[in-house]
Structure formats: C-alpha cells, structure tokens
Number of protein chains: 2
Amino acid sequence: MNTLDFGKAAGRAIRGVLPVLDWGRSYSKAQFTGDLTAAVIVTIMLIPQSLAYALLAGLPAEVGLYASILPLVAYGSFGTSRSLAVGPVAVVSLMTASALAPLGLDTTTEYVAAAGLLALLSGLFLLAMGVLRLGFIANFLSHPVIAGFITASGILIAISQLKHILGVDAHGHALPELIGSIGAKLGQINYPTLIIGVLALAFLFWVRNGMARFLRNRMGMDAGRAATLARVGPVFAVIGTTLVAWIANLPGQGVSVVGEVPTGLPPLGLPTFGLDLIQALAGPAVLISIIGYVESVSVAQTLASKRKQRIDPNQELIALGASNISSAVSGGYPVTGGFARSVVNFDAGAETPAAGAFTAVGLLFAAMFLTPLLYFLPKATLAATIIVAVLSLVDFSILTRAWSYSKADFSAVFATIVLTLGFGVEVGVASGVAISLLLFLWKTSRPHVAEVGLVPGSQHFRNIYRHRVKTDPTILTLRIDENLYFANARRMEDLILARVHRSREDIRHVVLMCSAVNEIDLSALESLEAINERLHDMGVTLHLSEVKGPVMDRLQTSHFIDGMTGQVFLSQYDAWTSLTSSKAA
Amino acid sequence: MNTLDFGKAAGRAIRGVLPVLDWGRSYSKAQFTGDLTAAVIVTIMLIPQSLAYALLAGLPAEVGLYASILPLVAYGSFGTSRSLAVGPVAVVSLMTASALAPLGLDTTTEYVAAAGLLALLSGLFLLAMGVLRLGFIANFLSHPVIAGFITASGILIAISQLKHILGVDAHGHALPELIGSIGAKLGQINYPTLIIGVLALAFLFWVRNGMARFLRNRMGMDAGRAATLARVGPVFAVIGTTLVAWIANLPGQGVSVVGEVPTGLPPLGLPTFGLDLIQALAGPAVLISIIGYVESVSVAQTLASKRKQRIDPNQELIALGASNISSAVSGGYPVTGGFARSVVNFDAGAETPAAGAFTAVGLLFAAMFLTPLLYFLPKATLAATIIVAVLSLVDFSILTRAWSYSKADFSAVFATIVLTLGFGVEVGVASGVAISLLLFLWKTSRPHVAEVGLVPGSQHFRNIYRHRVKTDPTILTLRIDENLYFANARRMEDLILARVHRSREDIRHVVLMCSAVNEIDLSALESLEAINERLHDMGVTLHLSEVKGPVMDRLQTSHFIDGMTGQVFLSQYDAWTSLTSSKAA
C-alpha cells in the first residue's frame, strides 16, 4: 500500500467513525434552509418536553434542557441516521427515576450527580458494545416483549403524573404503590391545580387530535402550516397556564410551579461519584442502555427506510455512547433517540444532522436567557404534556395479535406487561427477556417429529398424516424437525425407539431425514450412537438422509459415521429408491 | 367401568407408583439367593464407604451409616431400577459440605440437623418434580457439562481429603482455598498419619488395579471369587490400620481416629429447623436434587440397558424423593443412586430390589453392634478410600473429544471444569448450564443461510458452493437453516436483503426454502413482512417453499400469506418448475 492509498483508507475509516466528515463536505444551501426550519420547530417543541421529562425522572427542570444540548451535537457527529433527535425520552426518564429512587439520596445535588453518573456508565457501556460490535445483543429483546414493555411503561408514566394533576404528593415505581399512594391522598386534592391540569390535558388532546384539522377546515390555513402550528401547540398551553398562574398568583393557592431555574451555560465537568454508587448503578445502566438503544435504533430504522437510507447498528451504539457521555459531562442524564422529537424533526424537513446542531444552539439560548420566564409554569401543565405524549405509546393490540398467532409470544408479552406494571420497569424487562428465551428453549426441547412418505408423482416427502403419500412397510422414515442438542437428545432417543417399537413388526430400515437438523452437538451425537446400537440389537438398520454440509462436516470428525449400520443418502429420494430396490433385488 | 375393571385399573396405577408390588409377587428362591449374596458383599463394601462419605460431608461417621439404611428400603419400594443402590455418594457429599459450610453453625448437633433438613428439602423437591412429571428438566444439563462437573468434583474431593492423609487442619470448597490452606500447614504434617495414609492409599490402589489378577494368577483362585475378594478389599485396609492404630496407640501420637460412634438404631424423627435455614438451603437443595437425579438416572439406565430392562425417569424422581425424605427422618443426609455401589450390587448378582432391603438389614446390624470396633479406625484410611474411589471419576478425555467435535461443547466443558475448581460446585454447575444454553442461543441467533440450486437429474436442491447444481439468473433461492425467531429475525432480514442487493441485477424472484424452519414467531413474522415489502419496492417477488405443516398452520392465522407478493410452493422443485416455465411462457 503506498502513502496515497493509505491516506485514502485512513480517510474512509475516519469517516466511518465520524460520519459528519461525509455529509459535511457537500452541505448545500437548500439543506441549510431545511435544517434551520426544522431546528426552530423542534426547539419550540423541546423546551416544555425536556422540562417535563426531567421532572418525570425526579430531576430539576433545567437538567432536561442540559440533556438536550450536547447530546444532539454528539449524535450529529457520530450517528448514521440523518433524522434522529437525541435527548431525554419518557421510558428512559422513568427508568432513571426507578434506578435512583432506591439509593435514598438526601440532597438534589447528590441526585443530579447520580443521574449524571448513570448517563456516564450507560455511555461507556454503549461505547464498549459498539467497539466490540455487540449490537446484536439487542436482538434478544423480542418484538412482543418490547411492545409490552413500552405499553406498560406508558401506563406507569401516565399514572405517576396524576399526582401533579391532582396536586398531591405520591411516590412509587410500580402500579400497586402508585395507586395506593395516590388513593391515600385523594382527600388532599388541590383544586386550582386540578383545574389547570384538566384544562391543559383537554387542550393538549385537542392539539394532538383535532387542531390541525380545525386550522385547515375552519380557519382556511394551508395543510403544512396547520401541521406545524399543531406541532408547536403544547407551547400555547405552557404560555397560557404560565400567564394564568402569574396573574392569579396561583402559587399562593398551593399550585406547584417550576420556580427558580438557574440561568446560564450547562455546568461542564464529570459528575462526582464513589465506587459504591458505581456498583449500585451498573445494573440499571446496562438495562437503560439496551432499552434506549432498541428504542433509538427502531426509530432510526423506521425513518431511514422512508428515505431509502441505511443506518449502521454498531455505529449507532458508538453515537449513543458519545451522546450519553456528553450528557453526563454537561449536567444532563441518560438520553436516547426519541420517537416524537425525531418524527417532528423529520417531518419539519431536517436534511442532515446539522439540524440537530441548530436545535442545540436554540436550546442553549433558552437555557441561558429564557428560564426566568418559566418561574410560574405549573407542574400540572408539564404533567399533562407527558400524559398526552405517553398515552400514544400505550397499545394493547399486541396482546390480541400475539394471542391469535402464538401462545408463546402471548405469554411473553402478557408476562412483560403484568410484571412491569406490578414490579416496575427493571423486573419487567428482565423477566420478559428471560421468559421469551426460556419459552424458545422449551419449544426446541420438545421437537416435532413427522413420519414421512413419498408424494406420488414427485421426489418430495411429506408427513403421512397431512398428505396422501406412498410408504413401504419395511422402511420407517422420520423427519426430525429440530436441531439435535442436549436439551432434546434424550427425548429424541426415547421417541425414535418408541416409534420403532410401536410400528409394524416388519421394519428393516429406519431413515432419519435431517433436512431440518442444523446442528448436532456432542450430547446428541451420543444419543445417535445409542439409537444406532439399540436398532442394531433389534435387527434394524439406521440411515440418514439430507444431512446438511456443515452438519456432515462435523459428523465426519467423529466415529459415528463409521459405526453406523446404514448409509448417509444425499436426498431422501435416493434413500427411498436405494432401500426399496435392494428389497426387490 | 364395572367394579372389577376399576379394581384392575386401580391395581395397575398402584403398581406404577409402588413397583415392589409388581416384582414382589413372583419372587423366587433363585432370586433370593442372588439377592442375599449381593447384599453381604455390598454391606461389607458400604461400611467403610458410608463412614468416609459422611466425613467428606463434614458429618459424624455414623450419619453415613444411617443414610444407607432406610433410603435403600424406600428406593426398593418406589424405584424402577432393579440394581440401583441408593445412599451417600461422593459428589453429593461434597455438595452437602459446600451447602452447609457458609451457614456458620456452631455445634455438631446443629450441623447434623441442617444436613437432615437439606435431605428433606431435596426429597420434597424431587417428589414434586416427579408428581409434576418434570424429569425432562435434567435434560438441560448437557453431557459435556455433566462430565466436566464430575471430573472437577473428583479433583476437589481428592484434594480436600489430602488434609486427612497429611494429618493437618484445612478447609475450603474450591481449589484456591484448599491448596492455600493445605500449603500453609505443610510444616505441621503428622508423620504417623502420613505413613498410615500413604500405605492405605498404596494398598487400595493395588486392590483396585492388581488384586484380582494377583489372586487369579499367583494364588490360583477362580475368577469370580477373586473379583469378589477384590471388591471387599477396602475392608482389609480398614481392619489392618485399625489394628495398628490400636496396638501402637496411634491416637497418642496425634493420629486422628473415628473415635466414639454411638451404638443403636438411627434416630427417627424430623430434623429441627427454622424458616431462615429453609431459605438458606432451598437453592443448594435444588442443585443437589438435580445433580443427584442425573447421576442416579444415568447409572440406572446404564445397568438397565445391560439387562434389556427399562426405567421410568419420572418414577425415579419419586423414588429418589422418598429415599431422601426417609434419610431425613432417620438421621441421615442427602443420598442418591451411586455408581460404585450399584455396579457392585449388579455384578454380585442382585436380582431384585430385595437385595437393597437385605443390605439395609446388614447395615442396621452394623450400626447397632459394630460401631465400637471402629474407635481406632484412622481417618487417613477413610480419606484414602475416598481418594481412590473418586480418582476413577476424573476423566479429562471429554476435553479432547469435545475439542475435536465442537468448539461450543468444548467451551462449555472447559468452563464447567475451571469454574467448579475455582469457585466450587454450585457456581460450577450453574455456570455450566448457563453457558451451554447461551451458546445454543448464540448459535441459533446467527443462522446459516445457503443459496441452493437443482442437483441435475433429481428434484433435489443443494448449496451452490458445495454441489454442482443448476441455477437460474432470475431466481435467487435461499435455504434458511434455522428456526426464525426474535433472536435472529432482524439478522435474517438484513442478510436476505443484502444477498439480493449483492446478486445479479436481473433477479425477479426470491424463494425462501423453509425445510429447516420449524418455527416462525411473531418477531420473525414481522421481519418476513418487512422483507416482502422491501422486495416489492425493488420489483422482486417473494415466494416460500417446503413450509412445514405446523408452521403453515400458524402462518395462515396471520395476514402475511395474503399480503405476500408470490406463492407458497409445496416443494422447492414445484417452485423451480413453476417459476422457470412462467418465464418461458
């Protein structure tokens, strides 16, 4: 390789890790306009959302803003999706609250530092997974488990926000505690808060479901502008309720407001931490990373496929890792790619990750100058924002789809929902993964075995109970519908021998059709040897057919083939012609 | 059903649970003679062995005798093997020691009670598994994991007994502690003990490897009698060293002897226990049950197949459960079917489980009258008995066999050995199971996909890279060599689309050959829908072939088949003829 080639290769490698170098070189004016428009809309939408999610995580409101600035820039530099917007999201905020609550921290400063540490650990873990190319680990979360988890989290989040709407104090990270603690306080409802909360909820539901249509049909606005206005709609609720709270001095009547929010740049620097805090947060950080990654990648993939772009799952790990680390060092908490903000970004015409950088500048401006305006913003308004946002996550249709398709999938999703609601997010998602894996193992441990015969007029063999097929009384052909491995080896041994016992007296040949056997491990090899020996004692010959290349390669390293009483046939039809003609001869 | 039929059915059911009613009715004189001879030999062999295993478990010597009496009778009544001998065995004794050590019990009485409770919990667990017919759970222990675990346990046991041979105090349940604690005491070796121990070891090795040949060749004894004498050989070591210790008053020189052993019937009654003891022992009891069950069933199956008898794995659970409960209520500790004692019983001519009952009577006699004779028996002799017995369990050949056959099996056995030696039996066996399951999941998550073509002169399709086959430039046929489920669904989606991209421009049809797909779960169904849609966008039609009955039944409950751009063909050859002829037309 000469120097020039080396330079080119190095350039390619660097652009792989820093995609910004790729799209940044051909950045055009049209792209700039698209990005800037999107950034303005997203900034307006993100201000109330970021504050609300910080409150959901149990953190001061400004932490939500901080977590929306640097992570956007970091993702823009490392990410492969052109539309993903990274920042605080509902499920990860709930998981953060759930991870920090058991620590029993006394001061807000400690709590904020622990949230930063959680982001740091999560970022390092994501980065390590990306460098080691372990993105596939997320595949072990099945779709039904993810769907059930998101639905249950949405319910938990909505109910956890009810306390802000009712103006009471409550706590808990699972349904029984939440409902119990809210129920106990029903006598202490603060009615001004309730009125603000219910009005904000009603307005926000209308914004989401009817505002765009209203603006188009009744106000004669064009569709694009109507949609844009509907998207920034929540800001009207924020402005309206803040004004009411200020004018009517609602804090004097017991209405909780955001209050003093520090003005200025996000605090830069590593969060402070001790070794036992790391130990306590390592487990939750791993869970948050994986859930956040799955959520982010699925959003990114959905958007990329709309524009026929591709994302690189392992590079996404690195980008999310960088985002979380940058959140940790700028006073933030765990972040990931969010659905709502990304879709808005995409729809508003973001062309490149530069849109994210512009949004970051907008939010930085808000953090530096606008926070005093938020003093009178009622927490009930923020809670209403969250409730309306997360109820769109709640979707029980996965239960009916899973029920009608597969009882195993249904069990996994049902258990995930019930355990998440009953015991919180960590128990819920861990059990969901464990249950879906155990169900898969359980199924593979009790395989289907079909006796097959020749479909007349073809060379194809099918189940004798499902198709009209030709069989031969001296030949028993069993198609084994599973990999042979330790969990089913003994069962298969018993099953095959039992079928031979049960069948007609005149069996001379048993053919195991291995078209569905992709793996034979050492335990299964020992069972095959035992089957061969037992059949030999009964005067029956054992044959194999349609053994796949990789399986055959491995069998040939053992002595099994040498000791086998019969042959290995390339196809089941070869076995049939050979065994039936040898009888005729 | 009339009364007579009902009576017969009830009789069959009772005989199923109490096999003794079956063989007991036709008990003959010849069987009686065989059983009695076997019982005498086994009793002589069992006395030193039972004492030794009790010491290995950290229990007083007489507990080993007690654990050998009632369990034999219980197994004889409920078990389906005609030769299995139940009692204390090496690996379960080691696991008992390892379960009781962390409890930090002060007195021997407490320790004995805890061991009894462990047997009770283990018995109840086995009984429950048997009643619920959960014997298949043992299948999740792969052969390599079991082999590795037994080998590592043998090494741990042998090294743990070195302290008795050296006459020093040492402790630990894993190699680092054991070696460290023995090493630290090397200056305190008791030489009379060492001499007794080494002589006993040498004699016992000779008994095992050379005595029968010596008696036949040099003493002209007939083969049967020589083998019998060799089997009871360890008793000579017991008698010899006891006499030496008595005559030379070795206890006065610091040689540990068995000492006072209470005379009389085993103490009947439930062990005393509290709730926290149950909590602490529940986990170890489950592990001991499963390991004991696997060991016992594999011994029983080996012996049954030699006499063309069959054992019933679920009934074995009930029998072992009853044995452990009866051990618990008669002053014993966890028991299971042992290899050495069963083989001796079998070889000595035991015909029915009555042999076990006769052995129980012999051991009861020993417990009532012979224990004072054991006062001067050196513990070094018992340790030597154990070492010689367990070294036959140590067999590293599984490592080379696994290495040459499959690296996954090798990893599982290697990890089991290393972790058992390094961290003890509980960590070792739990990790072994976890690792072998994770490796299986890992393999199924990255499936083999082969592009196939028609083998000329047949209707059979094989891998284009392994066979000379016919292909068509407009048709890409991929054989998917794995169940489609959540862990590989996304990967499969990427892989199939990448192959289509990579292939020739003129592809019009993709056929997924599903002969090896035994399961398509909901996550995989969603991936198939995505593949169908993406291919449709590229102007390519998706077909399936050779979809199995159970998989097709399920697909038909979904809307996938309706939305599919192509067809489902019964056989791959049908797909080939239909797609190639449609092109010609």
# chains A, B, ... in the order shown; residues from 1 in each chain; ligands from 1

$ interface_residues --of "chain A" --to "chain B" --cutoff "7 Å" --atoms "only C-alpha atoms" --output "list in words"
Asn139, Phe140, Ser142, His143, Ala402, Ser404, Tyr405, Asp409, Gln459, His460, Asp481, Glu482, Phe486, Ala487, Asn488, Ser515, Ala516, Val517, Asn518, Leu522, Ser523, Arg554, Thr557, Ser558 and Ser571 of chain A

$ residues_around --residues "Ser578 of chain B" --least-positions-apart "2" --cutoff "12 Å" --atoms "only C-alpha atoms" --output "PyMOL selection string"
chain B and resi 475+509+511+543+545+566-576+580-585

$ atom_distance --atom1 "atom CA of Ile150 of chain B" --atom2 "atom CA of Asp395 of chain B"
8.5 Å

$ select_by_dssp --residues "segment 244-463 of chain B" --states "strand (DSSP E)" --output "number ranges by chain"
B: 336-337, 448-454, 461-463

$ atom_distance --atom1 "atom CA of Ala212 of chain B" --atom2 "atom CA of Leu382 of chain B"
21.7 Å

$ residues_around --residues "segment 236-245 of chain A" --least-positions-apart "5" --cutoff "7 Å" --atoms "only C-alpha atoms" --output "PDB file with N, CA and C atoms, in the first residue's frame"
ATOM      1  N   ALA A 200     -55.341  21.832  30.738  1.00  0.00           N
ATOM      2  CA  ALA A 200     -54.159  21.603  29.908  1.00  0.00           C
ATOM      3  C   ALA A 200     -54.278  20.265  29.178  1.00  0.00           C
ATOM      4  N   LEU A 250     -51.206  31.902  41.432  1.00  0.00           N
ATOM      5  CA  LEU A 250     -51.624  30.562  41.832  1.00  0.00           C
ATOM      6  C   LEU A 250     -50.690  29.896  42.854  1.00  0.00           C
ATOM      7  N   PHE A 376     -43.368  30.707  36.694  1.00  0.00           N
ATOM      8  CA  PHE A 376     -44.772  30.469  37.022  1.00  0.00           C
ATOM      9  C   PHE A 376     -45.401  29.305  36.245  1.00  0.00           C
ATOM     10  N   LEU A 377     -44.585  28.568  35.468  1.00  0.00           N
ATOM     11  CA  LEU A 377     -45.136  27.431  34.712  1.00  0.00           C
ATOM     12  C   LEU A 377     -45.620  26.348  35.684  1.00  0.00           C
ATOM     13  N   PRO A 378     -46.923  26.020  35.694  1.00  0.00           N
ATOM     14  CA  PRO A 378     -47.419  24.996  36.633  1.00  0.00           C
ATOM     15  C   PRO A 378     -46.873  23.608  36.268  1.00  0.00           C
ATOM     16  N   THR A 381     -49.117  21.459  34.116  1.00  0.00           N
ATOM     17  CA  THR A 381     -49.055  21.588  32.652  1.00  0.00           C
ATOM     18  C   THR A 381     -48.011  20.619  32.081  1.00  0.00           C
TER      19      THR A 381
END

$ residues_around --residues "Ile311 of chain B" --least-positions-apart "3" --cutoff "12 Å" --atoms "only C-alpha atoms" --output "PyMOL selection string"
(chain A and resi 494) or (chain B and resi 16+19+78-84+296-305+307-308+314-317+319)

$ write_last_selection --atoms "N, CA and C atoms" --output "PDB file, in the first residue's frame"
ATOM      1  N   ASP A 494     -35.600 -41.560  23.045  1.00  0.00           N
ATOM      2  CA  ASP A 494     -36.776 -42.307  23.510  1.00  0.00           C
ATOM      3  C   ASP A 494     -37.857 -42.328  22.438  1.00  0.00           C
TER       4      ASP A 494
ATOM      5  N   GLY B  16     -47.826 -48.971  39.442  1.00  0.00           N
ATOM      6  CA  GLY B  16     -46.985 -47.966  38.776  1.00  0.00           C
ATOM      7  C   GLY B  16     -46.217 -47.144  39.792  1.00  0.00           C
ATOM      8  N   PRO B  19     -43.589 -50.095  42.498  1.00  0.00           N
ATOM      9  CA  PRO B  19     -43.194 -51.240  41.673  1.00  0.00           C
ATOM     10  C   PRO B  19     -42.946 -52.509  42.484  1.00  0.00           C
ATOM     11  N   PHE B  78     -40.075 -47.927  45.710  1.00  0.00           N
ATOM     12  CA  PHE B  78     -40.605 -46.998  44.702  1.00  0.00           C
ATOM     13  C   PHE B  78     -39.829 -46.990  43.379  1.00  0.00           C
ATOM     14  N   GLY B  79     -38.589 -47.462  43.403  1.00  0.00           N
ATOM     15  CA  GLY B  79     -37.730 -47.309  42.229  1.00  0.00           C
ATOM     16  C   GLY B  79     -38.039 -48.282  41.115  1.00  0.00           C
ATOM     17  N   THR B  80     -37.658 -47.929  39.882  1.00  0.00           N
ATOM     18  CA  THR B  80     -37.896 -48.817  38.751  1.00  0.00           C
ATOM     19  C   THR B  80     -36.638 -49.548  38.314  1.00  0.00           C
ATOM     20  N   SER B  81     -35.483 -49.187  38.867  1.00  0.00           N
ATOM     21  CA  SER B  81     -34.280 -49.942  38.524  1.00  0.00           C
ATOM     22  C   SER B  81     -34.157 -51.102  39.489  1.00  0.00           C
ATOM     23  N   ARG B  82     -33.756 -52.256  38.950  1.00  0.00           N
ATOM     24  CA  ARG B  82     -33.633 -53.431  39.802  1.00  0.00           C
ATOM     25  C   ARG B  82     -32.261 -53.551  40.440  1.00  0.00           C
ATOM     26  N   SER B  83     -31.331 -52.688  40.061  1.00  0.00           N
ATOM     27  CA  SER B  83     -29.967 -52.851  40.575  1.00  0.00           C
ATOM     28  C   SER B  83     -29.435 -51.615  41.278  1.00  0.00           C
ATOM     29  N   LEU B  84     -30.137 -50.503  41.189  1.00  0.00           N
ATOM     30  CA  LEU B  84     -29.591 -49.274  41.743  1.00  0.00           C
ATOM     31  C   LEU B  84     -29.490 -49.362  43.269  1.00  0.00           C
ATOM     32  N   SER B 296     -27.939 -40.502  39.304  1.00  0.00           N
ATOM     33  CA  SER B 296     -28.644 -41.737  39.606  1.00  0.00           C
ATOM     34  C   SER B 296     -29.287 -42.334  38.358  1.00  0.00           C
ATOM     35  N   VAL B 297     -29.960 -41.478  37.576  1.00  0.00           N
ATOM     36  CA  VAL B 297     -30.648 -41.986  36.388  1.00  0.00           C
ATOM     37  C   VAL B 297     -29.654 -42.515  35.362  1.00  0.00           C
ATOM     38  N   SER B 298     -28.494 -41.857  35.255  1.00  0.00           N
ATOM     39  CA  SER B 298     -27.565 -42.365  34.235  1.00  0.00           C
ATOM     40  C   SER B 298     -26.982 -43.705  34.673  1.00  0.00           C
ATOM     41  N   VAL B 299     -26.755 -43.888  35.976  1.00  0.00           N
ATOM     42  CA  VAL B 299     -26.306 -45.205  36.453  1.00  0.00           C
ATOM     43  C   VAL B 299     -27.401 -46.238  36.204  1.00  0.00           C
ATOM     44  N   ALA B 300     -28.639 -45.892  36.581  1.00  0.00           N
ATOM     45  CA  ALA B 300     -29.750 -46.838  36.432  1.00  0.00           C
ATOM     46  C   ALA B 300     -29.948 -47.222  34.969  1.00  0.00           C
ATOM     47  N   GLN B 301     -29.808 -46.211  34.064  1.00  0.00           N
ATOM     48  CA  GLN B 301     -30.019 -46.515  32.648  1.00  0.00           C
ATOM     49  C   GLN B 301     -28.918 -47.412  32.091  1.00  0.00           C
ATOM     50  N   THR B 302     -27.692 -47.146  32.511  1.00  0.00           N
ATOM     51  CA  THR B 302     -26.578 -47.977  32.059  1.00  0.00           C
ATOM     52  C   THR B 302     -26.816 -49.428  32.461  1.00  0.00           C
ATOM     53  N   LEU B 303     -27.192 -49.646  33.725  1.00  0.00           N
ATOM     54  CA  LEU B 303     -27.384 -51.012  34.198  1.00  0.00           C
ATOM     55  C   LEU B 303     -28.619 -51.645  33.568  1.00  0.00           C
ATOM     56  N   ALA B 304     -29.704 -50.869  33.412  1.00  0.00           N
ATOM     57  CA  ALA B 304     -30.938 -51.423  32.844  1.00  0.00           C
ATOM     58  C   ALA B 304     -30.712 -51.878  31.409  1.00  0.00           C
ATOM     59  N   SER B 305     -29.940 -51.082  30.641  1.00  0.00           N
ATOM     60  CA  SER B 305     -29.786 -51.448  29.235  1.00  0.00           C
ATOM     61  C   SER B 305     -28.963 -52.728  29.103  1.00  0.00           C
ATOM     62  N   ARG B 307     -29.359 -55.340  30.874  1.00  0.00           N
ATOM     63  CA  ARG B 307     -30.277 -56.468  31.037  1.00  0.00           C
ATOM     64  C   ARG B 307     -31.561 -56.256  30.250  1.00  0.00           C
ATOM     65  N   LYS B 308     -31.539 -55.308  29.280  1.00  0.00           N
ATOM     66  CA  LYS B 308     -32.713 -55.007  28.448  1.00  0.00           C
ATOM     67  C   LYS B 308     -33.925 -54.672  29.313  1.00  0.00           C
ATOM     68  N   ASN B 314     -39.581 -40.432  35.408  1.00  0.00           N
ATOM     69  CA  ASN B 314     -40.408 -39.683  36.351  1.00  0.00           C
ATOM     70  C   ASN B 314     -40.641 -40.462  37.649  1.00  0.00           C
ATOM     71  N   GLN B 315     -40.787 -41.809  37.518  1.00  0.00           N
ATOM     72  CA  GLN B 315     -40.938 -42.621  38.719  1.00  0.00           C
ATOM     73  C   GLN B 315     -39.633 -42.603  39.535  1.00  0.00           C
ATOM     74  N   GLU B 316     -38.504 -42.503  38.849  1.00  0.00           N
ATOM     75  CA  GLU B 316     -37.220 -42.412  39.555  1.00  0.00           C
ATOM     76  C   GLU B 316     -37.158 -41.173  40.441  1.00  0.00           C
ATOM     77  N   LEU B 317     -37.758 -40.089  39.949  1.00  0.00           N
ATOM     78  CA  LEU B 317     -37.806 -38.865  40.764  1.00  0.00           C
ATOM     79  C   LEU B 317     -38.552 -39.123  42.067  1.00  0.00           C
ATOM     80  N   ALA B 319     -38.994 -42.025  43.530  1.00  0.00           N
ATOM     81  CA  ALA B 319     -38.234 -42.952  44.365  1.00  0.00           C
ATOM     82  C   ALA B 319     -37.082 -42.235  45.068  1.00  0.00           C
TER      83      ALA B 319
END

$ closest_residue --among "A:Asn324, A:Ser181, A:Thr109, A:Gln188" --to "Thr272 of chain A" --atoms "only C-alpha atoms"
A:Thr109

$ select_by_dssp --residues "segment 196-420 of chain B" --states "helix (DSSP H, G or I)" --output "ChimeraX atom specification"
/B:196-209,211-217,223-231,233-247,250-253,275-306,313-328,339-347,354-374,379-391,397-405,407-420

$ closest_residue --among "A:Ala380, A:Val388, A:Met492, A:Ala74" --to "Asn209 of chain A" --atoms "only C-alpha atoms"
A:Val388

$ decode --residues "segment 484-555 of chain B" --atoms "C-alpha atoms" --output "compact mmCIF listing (two decimals), in the first residue's frame"
# COMPACT_ATOMS: atom_id res chain seq x y z
CA LEU B 484 -36.94 -17.97 12.63
CA TYR B 485 -37.39 -16.26 15.98
CA PHE B 486 -36.74 -12.97 17.67
CA ALA B 487 -33.03 -13.53 18.24
CA ASN B 488 -32.29 -13.95 14.53
CA ALA B 489 -35.23 -12.20 12.84
CA ARG B 490 -33.51 -8.86 12.22
CA ARG B 491 -30.28 -10.50 11.23
CA MET B 492 -32.10 -12.68 8.73
CA GLU B 493 -33.89 -9.64 7.32
CA ASP B 494 -30.57 -7.82 6.78
CA LEU B 495 -28.90 -10.92 5.38
CA ILE B 496 -31.60 -11.72 2.83
CA LEU B 497 -31.84 -8.14 1.59
CA ALA B 498 -28.04 -7.88 1.42
CA ARG B 499 -27.87 -11.05 -0.71
CA VAL B 500 -30.47 -9.67 -3.09
CA HIS B 501 -28.54 -6.38 -3.35
CA ARG B 502 -25.27 -8.21 -3.90
CA SER B 503 -26.65 -10.56 -6.54
CA ARG B 504 -27.13 -10.00 -10.24
CA GLU B 505 -29.35 -7.17 -11.42
CA ASP B 506 -31.82 -9.47 -13.16
CA ILE B 507 -33.33 -11.18 -10.11
CA ARG B 508 -37.12 -11.29 -10.34
CA HIS B 509 -37.95 -13.93 -7.74
CA VAL B 510 -36.66 -14.74 -4.27
CA VAL B 511 -37.66 -18.16 -2.95
CA LEU B 512 -37.11 -18.86 0.76
CA MET B 513 -36.82 -22.63 1.14
CA CYS B 514 -38.19 -23.38 4.61
CA SER B 515 -37.38 -27.07 5.02
CA ALA B 516 -35.32 -26.28 8.13
CA VAL B 517 -37.67 -23.71 9.61
CA ASN B 518 -39.64 -25.38 12.40
CA GLU B 519 -40.93 -22.19 13.99
CA ILE B 520 -41.69 -18.64 12.91
CA ASP B 521 -42.51 -16.43 15.86
CA LEU B 522 -44.23 -13.06 15.85
CA SER B 523 -40.98 -11.10 15.62
CA ALA B 524 -39.88 -13.19 12.64
CA LEU B 525 -43.29 -12.78 11.03
CA GLU B 526 -42.82 -9.01 11.20
CA SER B 527 -39.40 -9.40 9.60
CA LEU B 528 -40.90 -11.52 6.81
CA GLU B 529 -43.49 -8.79 6.22
CA ALA B 530 -40.68 -6.23 6.03
CA ILE B 531 -38.72 -8.43 3.60
CA ASN B 532 -41.82 -8.85 1.42
CA GLU B 533 -42.36 -5.09 1.35
CA ARG B 534 -38.73 -4.19 0.64
CA LEU B 535 -38.51 -6.77 -2.16
CA HIS B 536 -41.77 -5.46 -3.58
CA ASP B 537 -40.24 -1.94 -3.71
CA MET B 538 -37.34 -3.43 -5.67
CA GLY B 539 -39.71 -5.17 -8.10
CA VAL B 540 -38.86 -8.63 -6.79
CA THR B 541 -41.47 -11.27 -5.88
CA LEU B 542 -41.15 -13.25 -2.63
CA HIS B 543 -42.09 -16.96 -2.55
CA LEU B 544 -41.84 -19.65 0.11
CA SER B 545 -41.33 -23.37 -0.43
CA GLU B 546 -41.43 -26.54 1.69
CA VAL B 547 -43.13 -24.80 4.61
CA LYS B 548 -43.93 -27.50 7.18
CA GLY B 549 -47.45 -28.30 8.32
CA PRO B 550 -47.27 -26.81 11.84
CA VAL B 551 -45.55 -23.64 10.58
CA MET B 552 -48.05 -23.22 7.74
CA ASP B 553 -50.99 -23.69 10.14
CA ARG B 554 -49.72 -20.75 12.12
CA LEU B 555 -48.91 -18.52 9.13
